[in-house]
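Shown next: input05.tsv, containing TSV, C-alpha atoms and all ligand atoms.
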chain	number	residue	atom	x	y	z
H	1	MET	CA	8.27	3.46	-40.49
H	2	THR	CA	8.46	3.10	-36.70
H	3	SER	CA	11.66	2.13	-34.89
H	4	LYS	CA	13.03	-1.32	-35.70
H	5	LEU	CA	15.24	-1.27	-32.61
H	6	LEU	CA	12.20	-0.67	-30.41
H	7	GLY	CA	10.37	-3.53	-32.16
H	8	HIS	CA	13.27	-5.93	-31.47
H	9	PHE	CA	13.50	-4.85	-27.85
H	10	LEU	CA	9.77	-5.30	-27.22
H	11	GLN	CA	9.34	-8.61	-29.04
H	12	GLU	CA	12.38	-10.19	-27.43
H	13	ASN	CA	11.45	-9.18	-23.91
H	14	LEU	CA	7.74	-9.91	-24.20
H	15	SER	CA	8.33	-13.41	-25.54
H	16	GLU	CA	10.87	-14.10	-22.80
H	17	LEU	CA	8.34	-13.11	-20.11
H	18	LYS	CA	5.62	-15.19	-21.74
H	19	SER	CA	7.85	-18.26	-22.11
H	20	LYS	CA	8.72	-18.07	-18.39
H	21	GLY	CA	5.07	-17.75	-17.42
H	22	LEU	CA	5.75	-14.29	-15.93
H	23	TYR	CA	3.56	-12.24	-18.28
H	24	ASN	CA	0.63	-10.95	-16.27
H	25	VAL	CA	-2.70	-11.27	-18.06
H	26	ILE	CA	-5.27	-8.76	-16.83
H	27	HIS	CA	-8.92	-9.76	-16.51
H	28	PRO	CA	-11.22	-6.72	-16.52
H	29	LEU	CA	-14.00	-6.66	-13.93
H	30	GLN	CA	-17.58	-6.42	-15.16
H	31	SER	CA	-18.76	-5.29	-11.74
H	32	ALA	CA	-17.70	-3.02	-8.88
H	33	ASN	CA	-14.61	-4.19	-6.94
H	34	GLY	CA	-16.70	-5.36	-3.98
H	35	PRO	CA	-16.72	-8.60	-1.94
H	36	ILE	CA	-18.09	-10.47	-4.97
H	37	ILE	CA	-16.87	-9.59	-8.46
H	38	THR	CA	-17.78	-10.66	-11.99
H	39	ILE	CA	-15.04	-11.61	-14.45
H	40	LYS	CA	-15.75	-13.25	-17.83
H	41	GLY	CA	-19.40	-13.50	-16.78
H	42	LYS	CA	-18.45	-15.54	-13.71
H	43	GLU	CA	-19.21	-14.53	-10.12
H	44	LEU	CA	-16.23	-14.86	-7.79
H	45	ILE	CA	-15.49	-14.31	-4.11
H	46	ASN	CA	-13.00	-11.44	-4.27
H	47	LEU	CA	-9.91	-11.85	-2.09
H	48	SER	CA	-7.62	-9.55	-4.07
H	49	SER	CA	-8.67	-5.95	-3.46
H	50	ASN	CA	-7.19	-3.40	-1.05
H	51	ASN	CA	-10.71	-2.17	-0.36
H	52	TYR	CA	-10.27	-3.23	3.30
H	53	LEU	CA	-13.34	-1.57	4.72
H	54	GLY	CA	-15.63	-2.04	1.73
H	55	LEU	CA	-15.78	1.75	1.31
H	56	ALA	CA	-15.20	1.65	-2.46
H	57	THR	CA	-18.87	0.82	-2.93
H	58	ASP	CA	-20.29	2.46	0.22
H	59	ALA	CA	-23.55	4.34	-0.47
H	60	ARG	CA	-22.51	7.29	1.75
H	61	LEU	CA	-19.32	7.85	-0.25
H	62	ILE	CA	-21.15	7.50	-3.55
H	63	ALA	CA	-23.72	10.12	-2.45
H	64	ALA	CA	-20.93	12.51	-1.41
H	65	ALA	CA	-19.14	12.03	-4.75
H	66	VAL	CA	-22.32	12.61	-6.76
H	67	GLU	CA	-23.22	15.74	-4.81
H	68	ALA	CA	-19.75	17.25	-5.17
H	69	THR	CA	-19.63	16.34	-8.85
H	70	HIS	CA	-22.90	18.19	-9.46
H	71	LYS	CA	-21.61	21.23	-7.62
H	72	PHE	CA	-17.97	21.34	-8.81
H	73	GLY	CA	-17.92	19.25	-12.01
H	74	VAL	CA	-15.80	16.19	-12.79
H	75	GLY	CA	-12.39	17.85	-12.86
H	76	ALA	CA	-10.49	20.34	-10.68
H	77	GLY	CA	-9.43	22.26	-13.78
H	78	ALA	CA	-5.86	23.17	-12.80
H	79	VAL	CA	-2.91	22.26	-10.63
H	80	ARG	CA	-3.26	22.98	-6.93
H	81	SER	CA	-0.86	25.95	-6.94
H	82	ILE	CA	-2.64	27.86	-9.73
H	83	ASN	CA	-6.39	27.65	-9.21
H	84	GLY	CA	-7.13	23.93	-8.86
H	85	THR	CA	-7.45	24.15	-5.07
H	86	LEU	CA	-11.15	23.92	-4.17
H	87	ASP	CA	-12.36	24.52	-0.64
H	88	LEU	CA	-13.00	20.75	-0.67
H	89	HIS	CA	-9.23	20.08	-0.95
H	90	VAL	CA	-8.59	22.29	2.06
H	91	LYS	CA	-11.28	20.50	4.03
H	92	LEU	CA	-9.81	17.11	3.08
H	93	GLU	CA	-6.38	18.20	4.29
H	94	GLN	CA	-7.78	19.44	7.59
H	95	LYS	CA	-9.60	16.14	8.10
H	96	LEU	CA	-6.45	14.17	7.27
H	97	ALA	CA	-4.42	16.11	9.84
H	98	GLU	CA	-7.12	15.49	12.45
H	99	PHE	CA	-7.27	11.80	11.51
H	100	LYS	CA	-3.47	11.43	11.77
H	101	HIS	CA	-3.03	13.64	14.86
H	102	THR	CA	-0.62	16.00	13.10
H	103	GLU	CA	-0.51	19.79	12.63
H	104	ALA	CA	-1.21	19.64	8.89
H	105	ALA	CA	-1.51	17.47	5.79
H	106	ILE	CA	-1.16	17.76	2.02
H	107	ALA	CA	-3.05	15.63	-0.53
H	108	TYR	CA	-1.69	14.27	-3.81
H	109	GLN	CA	-3.24	12.48	-6.79
H	110	SER	CA	-2.11	9.03	-5.61
H	111	GLY	CA	0.01	7.30	-3.00
H	112	PHE	CA	2.60	6.59	-5.67
H	113	ASN	CA	2.71	10.26	-6.61
H	114	CYS	CA	3.02	11.20	-2.97
H	115	ASN	CA	6.29	9.27	-2.62
H	116	MET	CA	7.59	10.91	-5.82
H	117	ALA	CA	6.69	14.27	-4.29
H	118	ALA	CA	7.61	14.08	-0.65
H	119	ILE	CA	11.01	12.35	-0.67
H	120	SER	CA	12.53	14.51	-3.40
H	121	GLY	CA	10.85	17.57	-1.90
H	122	VAL	CA	13.15	17.30	1.10
H	123	MET	CA	16.12	15.08	0.25
H	124	ASP	CA	18.80	15.77	-2.37
H	125	LYS	CA	22.23	14.69	-3.56
H	126	ASP	CA	23.98	15.79	-0.37
H	127	ASP	CA	21.80	13.47	1.73
H	128	ALA	CA	21.41	9.76	2.47
H	129	ILE	CA	18.34	7.56	2.85
H	130	LEU	CA	18.26	4.35	4.88
H	131	SER	CA	15.58	2.26	3.19
H	132	ASP	CA	14.12	-1.11	4.24
H	133	GLN	CA	15.01	-3.67	1.60
H	134	LEU	CA	11.35	-4.63	1.14
H	135	ASN	CA	9.98	-1.11	0.76
H	136	HIS	CA	7.26	-0.49	-1.85
H	137	ALA	CA	8.28	0.29	-5.45
H	138	SER	CA	7.05	3.87	-5.16
H	139	ILE	CA	9.36	4.48	-2.18
H	140	ILE	CA	12.29	3.09	-4.15
H	141	ASP	CA	11.47	5.30	-7.13
H	142	GLY	CA	10.94	8.33	-4.89
H	143	CYS	CA	14.36	7.76	-3.29
H	144	ARG	CA	16.01	7.48	-6.72
H	145	LEU	CA	14.36	10.67	-7.88
H	146	SER	CA	15.81	12.58	-4.93
H	147	ARG	CA	19.40	11.68	-5.98
H	148	ALA	CA	20.27	11.03	-2.34
H	149	LYS	CA	22.59	8.10	-1.52
H	150	ILE	CA	20.34	5.07	-0.97
H	151	ILE	CA	21.50	2.69	1.76
H	152	ALA	CA	19.28	-0.40	1.96
H	153	PHE	CA	19.04	-2.22	5.30
H	154	ASN	CA	17.91	-5.83	5.76
H	155	HIS	CA	14.17	-6.17	6.18
H	156	SER	CA	13.09	-5.05	9.69
H	157	ASP	CA	16.63	-5.76	10.94
H	158	ILE	CA	17.21	-3.09	13.59
H	159	ASP	CA	20.85	-4.08	14.23
H	160	ASP	CA	21.58	-3.64	10.54
H	161	LEU	CA	19.74	-0.31	10.50
H	162	ARG	CA	21.66	0.92	13.57
H	163	ALA	CA	25.04	-0.12	12.12
H	164	LYS	CA	24.30	1.60	8.81
H	165	ALA	CA	22.91	4.72	10.49
H	166	LYS	CA	26.04	4.94	12.66
H	167	GLN	CA	28.33	4.53	9.69
H	168	ALA	CA	26.45	7.13	7.62
H	169	LYS	CA	26.42	9.61	10.50
H	170	GLU	CA	30.10	9.16	11.39
H	171	SER	CA	31.21	9.42	7.77
H	172	ARG	CA	30.13	13.08	7.82
H	173	LEU	CA	29.41	12.72	4.12
H	174	TYR	CA	25.75	13.68	4.33
H	175	LYS	CA	23.87	16.83	5.32
H	176	LYS	CA	20.67	14.99	6.25
H	177	ILE	CA	19.90	11.32	6.78
H	178	MET	CA	16.40	9.84	6.54
H	179	VAL	CA	15.04	6.42	7.45
H	180	ILE	CA	12.12	5.17	5.33
H	181	THR	CA	9.89	2.18	5.90
H	182	ASP	CA	6.49	0.83	4.95
H	183	GLY	CA	4.21	0.78	8.01
H	184	VAL	CA	2.78	-2.58	6.93
H	185	PHE	CA	4.57	-4.72	4.35
H	186	SER	CA	2.01	-5.74	1.80
H	187	MET	CA	3.40	-9.09	0.66
H	188	ASP	CA	3.71	-10.74	4.09
H	189	GLY	CA	1.45	-8.51	6.17
H	190	ASP	CA	4.10	-7.84	8.83
H	191	ILE	CA	4.29	-4.53	10.73
H	192	ALA	CA	7.44	-2.36	10.75
H	193	LYS	CA	9.26	-2.20	14.12
H	194	LEU	CA	8.50	1.48	14.51
H	195	PRO	CA	9.38	1.92	18.21
H	196	GLU	CA	12.90	0.56	17.59
H	197	ILE	CA	13.23	2.55	14.34
H	198	ALA	CA	12.22	5.72	16.20
H	199	GLU	CA	14.88	4.99	18.84
H	200	VAL	CA	17.61	4.59	16.23
H	201	ALA	CA	16.36	7.78	14.57
H	202	GLU	CA	16.68	9.67	17.84
H	203	GLU	CA	20.15	8.30	18.49
H	204	PHE	CA	21.50	9.33	15.07
H	205	GLU	CA	19.27	12.35	14.34
H	206	LEU	CA	17.48	10.73	11.41
H	207	ILE	CA	14.42	12.15	9.68
H	208	THR	CA	11.65	9.53	9.94
H	209	TYR	CA	9.33	8.61	7.05
H	210	VAL	CA	6.61	5.97	7.33
H	211	ASP	CA	4.48	5.00	4.32
H	212	ASP	CA	1.35	3.59	5.92
H	213	ALA	CA	-0.59	2.72	2.76
H	214	HIS	CA	-1.68	-0.66	4.18
H	215	GLY	CA	-1.89	0.43	7.84
H	216	SER	CA	-4.36	3.31	7.67
H	217	GLY	CA	-7.91	2.18	8.34
H	218	VAL	CA	-6.53	-1.15	9.54
H	219	LEU	CA	-4.24	-0.55	12.56
H	220	GLY	CA	-4.45	1.91	15.47
H	221	LYS	CA	-8.26	1.60	15.50
H	222	GLY	CA	-8.15	3.00	11.98
H	223	ALA	CA	-5.64	5.83	12.45
H	224	GLY	CA	-2.70	3.70	11.30
H	225	THR	CA	0.57	2.11	12.36
H	226	VAL	CA	2.10	5.25	13.89
H	227	LYS	CA	-0.94	5.68	16.16
H	228	HIS	CA	-0.93	1.92	16.86
H	229	PHE	CA	2.49	2.38	18.51
H	230	GLY	CA	1.64	5.79	20.03
H	231	LEU	CA	4.42	7.49	18.06
H	232	SER	CA	2.49	10.39	16.49
H	233	ASP	CA	4.99	12.94	17.88
H	234	LYS	CA	8.07	10.98	16.77
H	235	ILE	CA	7.49	10.43	13.05
H	236	ASP	CA	8.22	13.33	10.69
H	237	PHE	CA	6.41	12.06	7.60
H	238	GLN	CA	3.26	9.95	7.79
H	239	ILE	CA	2.31	8.93	4.27
H	240	GLY	CA	-1.05	7.43	3.49
H	241	THR	CA	-3.14	6.54	0.51
H	242	LEU	CA	-6.80	7.33	-0.13
H	243	SER	CA	-6.89	4.37	-2.53
H	244	LYS	CA	-6.89	1.40	-0.16
H	245	ALA	CA	-8.93	1.39	3.08
H	246	ILE	CA	-10.37	4.82	2.23
H	247	GLY	CA	-11.75	3.26	-0.96
H	248	VAL	CA	-11.23	6.16	-3.39
H	249	VAL	CA	-7.96	7.42	-4.92
H	250	GLY	CA	-5.20	9.78	-3.80
H	251	GLY	CA	-2.32	10.03	-1.35
H	252	TYR	CA	-1.19	12.35	1.42
H	253	VAL	CA	1.57	13.43	3.77
H	254	ALA	CA	0.63	14.29	7.34
H	255	GLY	CA	3.18	16.09	9.50
H	256	ARG	CA	4.28	19.41	11.00
H	257	GLN	CA	2.91	22.65	9.55
H	258	ASP	CA	6.23	23.91	8.16
H	259	LEU	CA	6.83	20.61	6.35
H	260	ILE	CA	3.44	20.87	4.65
H	261	ASP	CA	4.03	24.56	3.82
H	262	TRP	CA	7.32	23.58	2.20
H	263	LEU	CA	5.82	20.71	0.17
H	264	LYS	CA	3.16	23.10	-1.15
H	265	VAL	CA	5.83	25.27	-2.74
H	266	ARG	CA	8.42	22.64	-3.63
H	267	SER	CA	6.91	19.22	-4.40
H	268	ARG	CA	6.60	18.75	-8.13
H	269	PRO	CA	3.40	16.64	-8.47
H	270	PHE	CA	1.61	19.34	-6.42
H	271	LEU	CA	2.93	22.08	-8.69
H	272	PHE	CA	2.77	20.36	-12.07
H	273	SER	CA	-0.07	17.83	-12.06
H	274	THR	CA	-3.81	18.60	-11.90
H	275	ALA	CA	-5.52	18.40	-8.51
H	276	LEU	CA	-7.66	15.47	-7.37
H	277	PRO	CA	-11.20	15.56	-8.86
H	278	PRO	CA	-13.95	17.02	-6.61
H	279	GLY	CA	-15.99	13.80	-6.41
H	280	ASP	CA	-12.99	11.83	-5.17
H	281	VAL	CA	-12.13	14.50	-2.62
H	282	ALA	CA	-15.69	14.61	-1.26
H	283	ALA	CA	-15.87	10.81	-1.05
H	284	SER	CA	-12.52	10.71	0.80
H	285	ILE	CA	-13.70	13.32	3.31
H	286	ARG	CA	-16.82	11.23	3.96
H	287	ALA	CA	-14.70	8.10	4.42
H	288	ILE	CA	-12.46	9.77	7.00
H	289	GLU	CA	-15.49	11.10	8.87
H	290	ILE	CA	-16.88	7.55	8.99
H	291	LEU	CA	-13.56	6.16	10.25
H	292	MET	CA	-13.27	8.82	12.96
H	293	SER	CA	-16.84	8.39	14.19
H	294	SER	CA	-16.95	4.61	14.54
H	295	THR	CA	-14.68	1.54	14.57
H	296	GLU	CA	-17.48	-0.69	13.25
H	297	LEU	CA	-15.91	-1.34	9.81
H	298	HIS	CA	-12.43	-1.70	11.30
H	299	ASP	CA	-13.72	-4.26	13.83
H	300	LYS	CA	-15.59	-6.18	11.14
H	301	LEU	CA	-12.43	-6.28	9.00
H	302	TRP	CA	-10.46	-7.83	11.86
H	303	ASP	CA	-13.21	-10.32	12.73
H	304	ASN	CA	-13.35	-11.43	9.10
H	305	ALA	CA	-9.57	-11.61	8.78
H	306	ASN	CA	-9.17	-13.67	11.95
H	307	TYR	CA	-11.99	-15.98	10.91
H	308	PHE	CA	-10.54	-16.54	7.44
H	309	LYS	CA	-6.97	-17.07	8.72
H	310	LYS	CA	-8.21	-19.60	11.27
H	311	GLY	CA	-10.01	-21.49	8.49
H	312	LEU	CA	-6.90	-21.76	6.29
H	313	ARG	CA	-4.55	-22.55	9.19
H	314	LYS	CA	-6.83	-25.33	10.44
H	315	LEU	CA	-6.71	-26.94	7.01
H	316	GLY	CA	-2.90	-26.98	7.24
H	317	PHE	CA	-1.95	-24.20	4.82
H	318	ASP	CA	1.24	-22.17	5.39
H	319	ILE	CA	-0.09	-18.65	5.91
H	320	GLY	CA	3.21	-17.08	6.98
H	321	HIS	CA	3.48	-14.63	9.88
H	322	SER	CA	1.13	-11.80	9.03
H	323	ASP	CA	0.18	-9.35	11.82
H	324	THR	CA	-2.57	-7.78	9.71
H	325	PRO	CA	-5.57	-8.89	7.61
H	326	ILE	CA	-3.21	-9.54	4.66
H	327	THR	CA	-3.19	-13.35	4.40
H	328	PRO	CA	-0.54	-14.94	2.21
H	329	CYS	CA	-1.03	-18.61	1.41
H	330	ILE	CA	2.49	-19.75	0.58
H	331	ILE	CA	2.69	-22.46	-2.05
H	332	GLY	CA	6.40	-22.37	-3.01
H	333	GLU	CA	7.26	-22.95	-6.63
H	334	GLU	CA	6.13	-20.16	-9.00
H	335	GLN	CA	4.28	-22.32	-11.53
H	336	LYS	CA	2.46	-24.16	-8.77
H	337	ALA	CA	1.32	-20.92	-7.11
H	338	GLN	CA	-0.02	-19.75	-10.46
H	339	GLU	CA	-1.78	-23.06	-11.09
H	340	PHE	CA	-3.29	-22.88	-7.60
H	341	SER	CA	-4.67	-19.40	-8.27
H	342	LYS	CA	-6.07	-20.55	-11.63
H	343	ARG	CA	-7.87	-23.51	-10.03
H	344	LEU	CA	-9.30	-21.24	-7.31
H	345	PHE	CA	-10.65	-19.02	-10.08
H	346	GLU	CA	-12.33	-21.97	-11.79
H	347	GLU	CA	-13.94	-22.93	-8.49
H	348	GLY	CA	-15.15	-19.39	-7.72
H	349	VAL	CA	-12.43	-17.55	-5.72
H	350	TYR	CA	-10.42	-14.63	-7.07
H	351	ALA	CA	-7.04	-14.57	-5.30
H	352	LYS	CA	-4.02	-13.50	-7.27
H	353	ALA	CA	-0.73	-15.40	-7.37
H	354	ILE	CA	2.29	-13.34	-6.39
H	355	VAL	CA	5.66	-14.67	-7.53
H	356	LEU	CA	9.22	-13.69	-8.36
H	357	PRO	CA	10.33	-10.85	-8.67
H	358	THR	CA	7.72	-9.39	-6.30
H	359	VAL	CA	8.55	-12.02	-3.65
H	360	PRO	CA	11.72	-14.20	-3.30
H	361	LYS	CA	12.19	-17.33	-5.39
H	362	ASN	CA	10.27	-20.41	-4.22
H	363	THR	CA	7.97	-18.40	-1.96
H	364	GLY	CA	5.28	-18.08	-4.64
H	365	ARG	CA	1.96	-17.46	-2.95
H	366	VAL	CA	-1.66	-16.64	-3.35
H	367	ARG	CA	-2.37	-13.47	-1.42
H	368	ASN	CA	-5.74	-12.96	0.24
H	369	MET	CA	-7.28	-9.74	1.44
H	370	PRO	CA	-10.44	-10.44	3.42
H	371	ILE	CA	-12.46	-7.22	3.78
H	372	ALA	CA	-15.16	-5.86	6.08
H	373	ALA	CA	-17.82	-6.40	3.40
H	374	HIS	CA	-17.42	-10.19	3.21
H	375	THR	CA	-20.13	-12.23	4.93
H	376	THR	CA	-19.32	-15.33	6.99
H	377	GLU	CA	-21.03	-17.40	4.32
H	378	MET	CA	-18.69	-16.01	1.62
H	379	LEU	CA	-15.62	-16.75	3.75
H	380	ASP	CA	-16.85	-20.29	4.53
H	381	ARG	CA	-17.36	-20.90	0.83
H	382	ALA	CA	-13.86	-19.56	0.05
H	383	VAL	CA	-12.26	-21.82	2.69
H	384	ALA	CA	-14.15	-24.85	1.31
H	385	ILE	CA	-12.82	-24.07	-2.17
H	386	TYR	CA	-9.28	-23.74	-0.77
H	387	GLU	CA	-9.67	-27.16	0.83
H	388	LYS	CA	-10.89	-28.76	-2.39
H	389	VAL	CA	-8.11	-27.28	-4.56
H	390	GLY	CA	-5.43	-27.84	-1.88
H	391	LYS	CA	-6.25	-31.55	-1.64
H	392	GLU	CA	-6.56	-31.97	-5.38
H	393	MET	CA	-3.10	-30.43	-5.96
H	394	GLY	CA	-1.44	-32.39	-3.12
H	395	ILE	CA	-0.72	-29.26	-1.06
H	396	LEU	CA	-2.94	-30.55	1.75
H	397	GLN	CA	-2.90	-34.16	2.92
I	1	LIG	C1	-0.23	0.85	-2.65
I	1	LIG	C2	0.91	1.58	-2.11
I	1	LIG	C3	1.27	2.83	-2.62
I	1	LIG	C4	0.56	3.44	-3.80
I	1	LIG	O1	-0.65	3.98	-3.46
I	1	LIG	P1	-1.68	4.41	-4.61
I	1	LIG	O2	-2.59	5.35	-3.96
I	1	LIG	O3	-2.34	3.16	-5.08
I	1	LIG	O4	-0.87	5.04	-5.70
I	1	LIG	C5	2.31	3.50	-2.02
I	1	LIG	N1	2.99	2.98	-0.98
I	1	LIG	C6	2.69	1.76	-0.49
I	1	LIG	C7	3.46	1.24	0.67
I	1	LIG	C8	1.65	1.02	-1.04
I	1	LIG	O5	1.35	-0.18	-0.54
Just give me the structure as structure tokens.
Amino acid sequence: MTSKLLGHFLQENLSELKSKGLYNVIHPLQSANGPIITIKGKELINLSSNNYLGLATDARLIAAAVEATHKFGVGAGAVRSINGTLDLHVKLEQKLAEFKHTEAAIAYQSGFNCNMAAISGVMDKDDAILSDQLNHASIIDGCRLSRAKIIAFNHSDIDDLRAKAKQAKESRLYKKIMVITDGVFSMDGDIAKLPEIAEVAEEFELITYVDDAHGSGVLGKGAGTVKHFGLSDKIDFQIGTLSKAIGVVGGYVAGRQDLIDWLKVRSRPFLFSTALPPGDVAASIRAIEILMSSTELHDKLWDNANYFKKGLRKLGFDIGHSDTPITPCIIGEEQKAQEFSKRLFEEGVYAKAIVLPTVPKNTGRVRNMPIAAHTTEMLDRAVAIYEKVGKEMGILQ
């Protein structure tokens, strides 16, 4: 007999979610996650992936993955610190450091894992972390894991950050204080105010940590948000993911050599979880080489994003204040945002509704991620479908 208490807990909570329309139903793809996807036998224009540069299906990356898989097999066979480190991992880390203009880098199995590893690798219960209120879930969990005092500051509010940094510093309660922010906030597409954050950090001797999961490949001609602001020598931790613009899977920290040396002996996912598979590492290396040799995909991404945003704005949609290709289309009420997304699906566009608790109440939205691999014809078709559904639901006049 399995646990009755567990059964009660699960049934009660699942039915509550379902009755509120908050239970997420997952539709498996029957195709690659490219510009066009197939779900339930239906072809859809895909505006929901983080595959910004279209690299997830790039023939050059596929060839690199296949070649490495033939040579090294499908798995790394061990954790990095025992004998799971292949020469490919070392090459990837060298490329990442070059790409990020830092002394060194360390790769992890995912971006999520990277935040679990890096924050608790350096911060502990005698420390404090100033964390933007809208930081990604993996940052929040990484902070909790460290047992440091977490002090949230209002989203991108530099006065609030400064006041809280001053208070933390003057309290003399903490050995080290860190400030952590996303480089690009993924729900609204706004960029962190890194120059001001770096100033506050200098004033109060804060360690700086920027998770640039959505900025790498997108800003700074591809090198990311820190490079975009010319702050490569001011940020201690540059976190990135290999899962979004890079198109594969994995995460990394780029920074000074001694930081990376330390994380290699102290960060737990590096020590206790098997290394990235060879095929993924080889594909990531190829992706970074492509990004460093040409801005073609980056430029195409921005052209597509600007084109798509212009189309929606002209129709009269509220697309918020994004500074990046992330294009929210804000509908308001949760149910309505979900209905809007459902109607888009029926008409041939896949764009996911994002509602409470991921975004504040009554700012329910459909979030769009135009990518470099979309053609103008696909984007025109998507905008026409938006117009049709928007008028039909009374969102547009
Ligand atoms: C997506 C994301 C992650 C997680 O990256 P994965 O490689 O998908 O695990 C971490 N941080 C931020 C800010 C993200 O947007």
* Long-range neighbours of Ala163 in chain H as a PyMOL selection string, 10 Å cut-off, only C-alpha atoms, 5 positions minimum in chain -> chain H and resi 153+158+168-169+200
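Take CA of Leu291 in chain H and CA of Phe112 in chain H: the distance between them is 22.7 Å.
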Notebook entry, point to check: Which one is closest to ligand LIG 1 (chain I): H:Leu47, H:Ile354, H:Ala192, H:Leu312? Count all atoms listed in the file.
Noted result: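 Closest candidate: H:Ala192.
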Requested in this report: For ligand LIG 1 (chain I), list the contacting residues at 10 Å or closer, counting all atoms listed in the file, as a VMD selection string.
Outcome: chain H and resid 50 108 to 116 134 to 140 181 to 187 210 to 215 239 to 244 246 to 252
- [ ] Would you mind telling me which residue in H:Ala65, H:Ile371, H:Leu344, H:Ile288 lies nearest to Gly222 in chain H when using all atoms listed in the file?
- [x]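 Looking at the shortest contact to Gly222 in chain H, the residue is H:Ile288.
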- prompt: Looking at H:Glu205, H:Asp58, H:Leu396, H:Ile319, which one is nearest to Glu170 in chain H, with distances taken over all atoms listed in the file?
  reply: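 Among the listed residues, the smallest separation from Glu170 in chain H belongs to H:Glu205.
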Students should find that CA of Phe229 in chain H and CA of Lys100 in chain H are spaced 12.8 Å
Practice problem: Just give me the residues with any atom within 9 Å of (22.2, 8.6, 11.8), file coordinates, counting only C-alpha atoms, written as a ChimeraX atom specification. | Solution: /H:162,164-170,176-179,200-207
Give the centre and edge lengths of an axis-aligned box, in Å to one decimal, that holds all listed atoms of range 41-52 of chain H with 8 Å on each side, as JSON.
{"center_x": -13.3, "center_y": -8.9, "center_z": -6.7, "size_x": 28.2, "size_y": 29.4, "size_z": 36.1}
Using all atoms listed in the file, the shortest atom-to-atom distance to Lys125 in chain H among H:Asp160, H:Lys175, H:Lys234, H:Arg256 belongs to H:Lys175
Under the rule that all atoms listed in the file are counted, which of H:Ser131, H:Thr358, H:Thr225, H:Ser156 is the nearest residue to Glu196 in chain H?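 Looking only at the distances to Glu196 in chain H, the closest residue turns out to be H:Ser156.
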Exercise for the section: For Glu334 in chain H, please output as a ChimeraX atom specification all residues within 8 Å (counting only C-alpha atoms; exclusion window: fewer than 2 positions along the same chain). Expected result: /H:332,336-338,355-356,361-365
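Rounded to one decimal, CA of Ala245 in chain H and CA of Val79 in chain H lie 25.7 Å from each other.
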For range 51-57 of chain H: contacts at 10 Å, all atoms listed in the file, fewer than 3 positions along chain excluded, given as number ranges by chain | H: 32-35, 47-48, 60-62, 214, 216-218, 243-249, 283-284, 286-287, 290-291, 296-302, 325-326, 369-374
Checklist line | Using only C-alpha atoms: which of H:Asp141, H:Ile180, H:Leu194, H:Lys388 has the shortest distance to Lys227 in chain H | finding: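 The answer is H:Leu194, which sits nearest to Lys227 in chain H.
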Skipping near chain neighbours, those fewer than 3 positions away, what residues fall within 7 Å of Ile150 in chain H using all atoms listed in the file, listed as a short mmCIF file (atom, residue, chain, number, x, y, z; two decimals) with C-alpha atoms, in the frame of the given file?
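The resulting file, out-v2.cif, is shown below:
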data_model
loop_
_atom_site.label_atom_id
_atom_site.label_comp_id
_atom_site.auth_asym_id
_atom_site.auth_seq_id
_atom_site.Cartn_x
_atom_site.Cartn_y
_atom_site.Cartn_z
CA ALA H 128 21.41 9.76 2.47
CA ILE H 129 18.34 7.56 2.85
CA LEU H 130 18.26 4.35 4.88
CA SER H 131 15.58 2.26 3.19
CA CYS H 143 14.36 7.76 -3.29
#
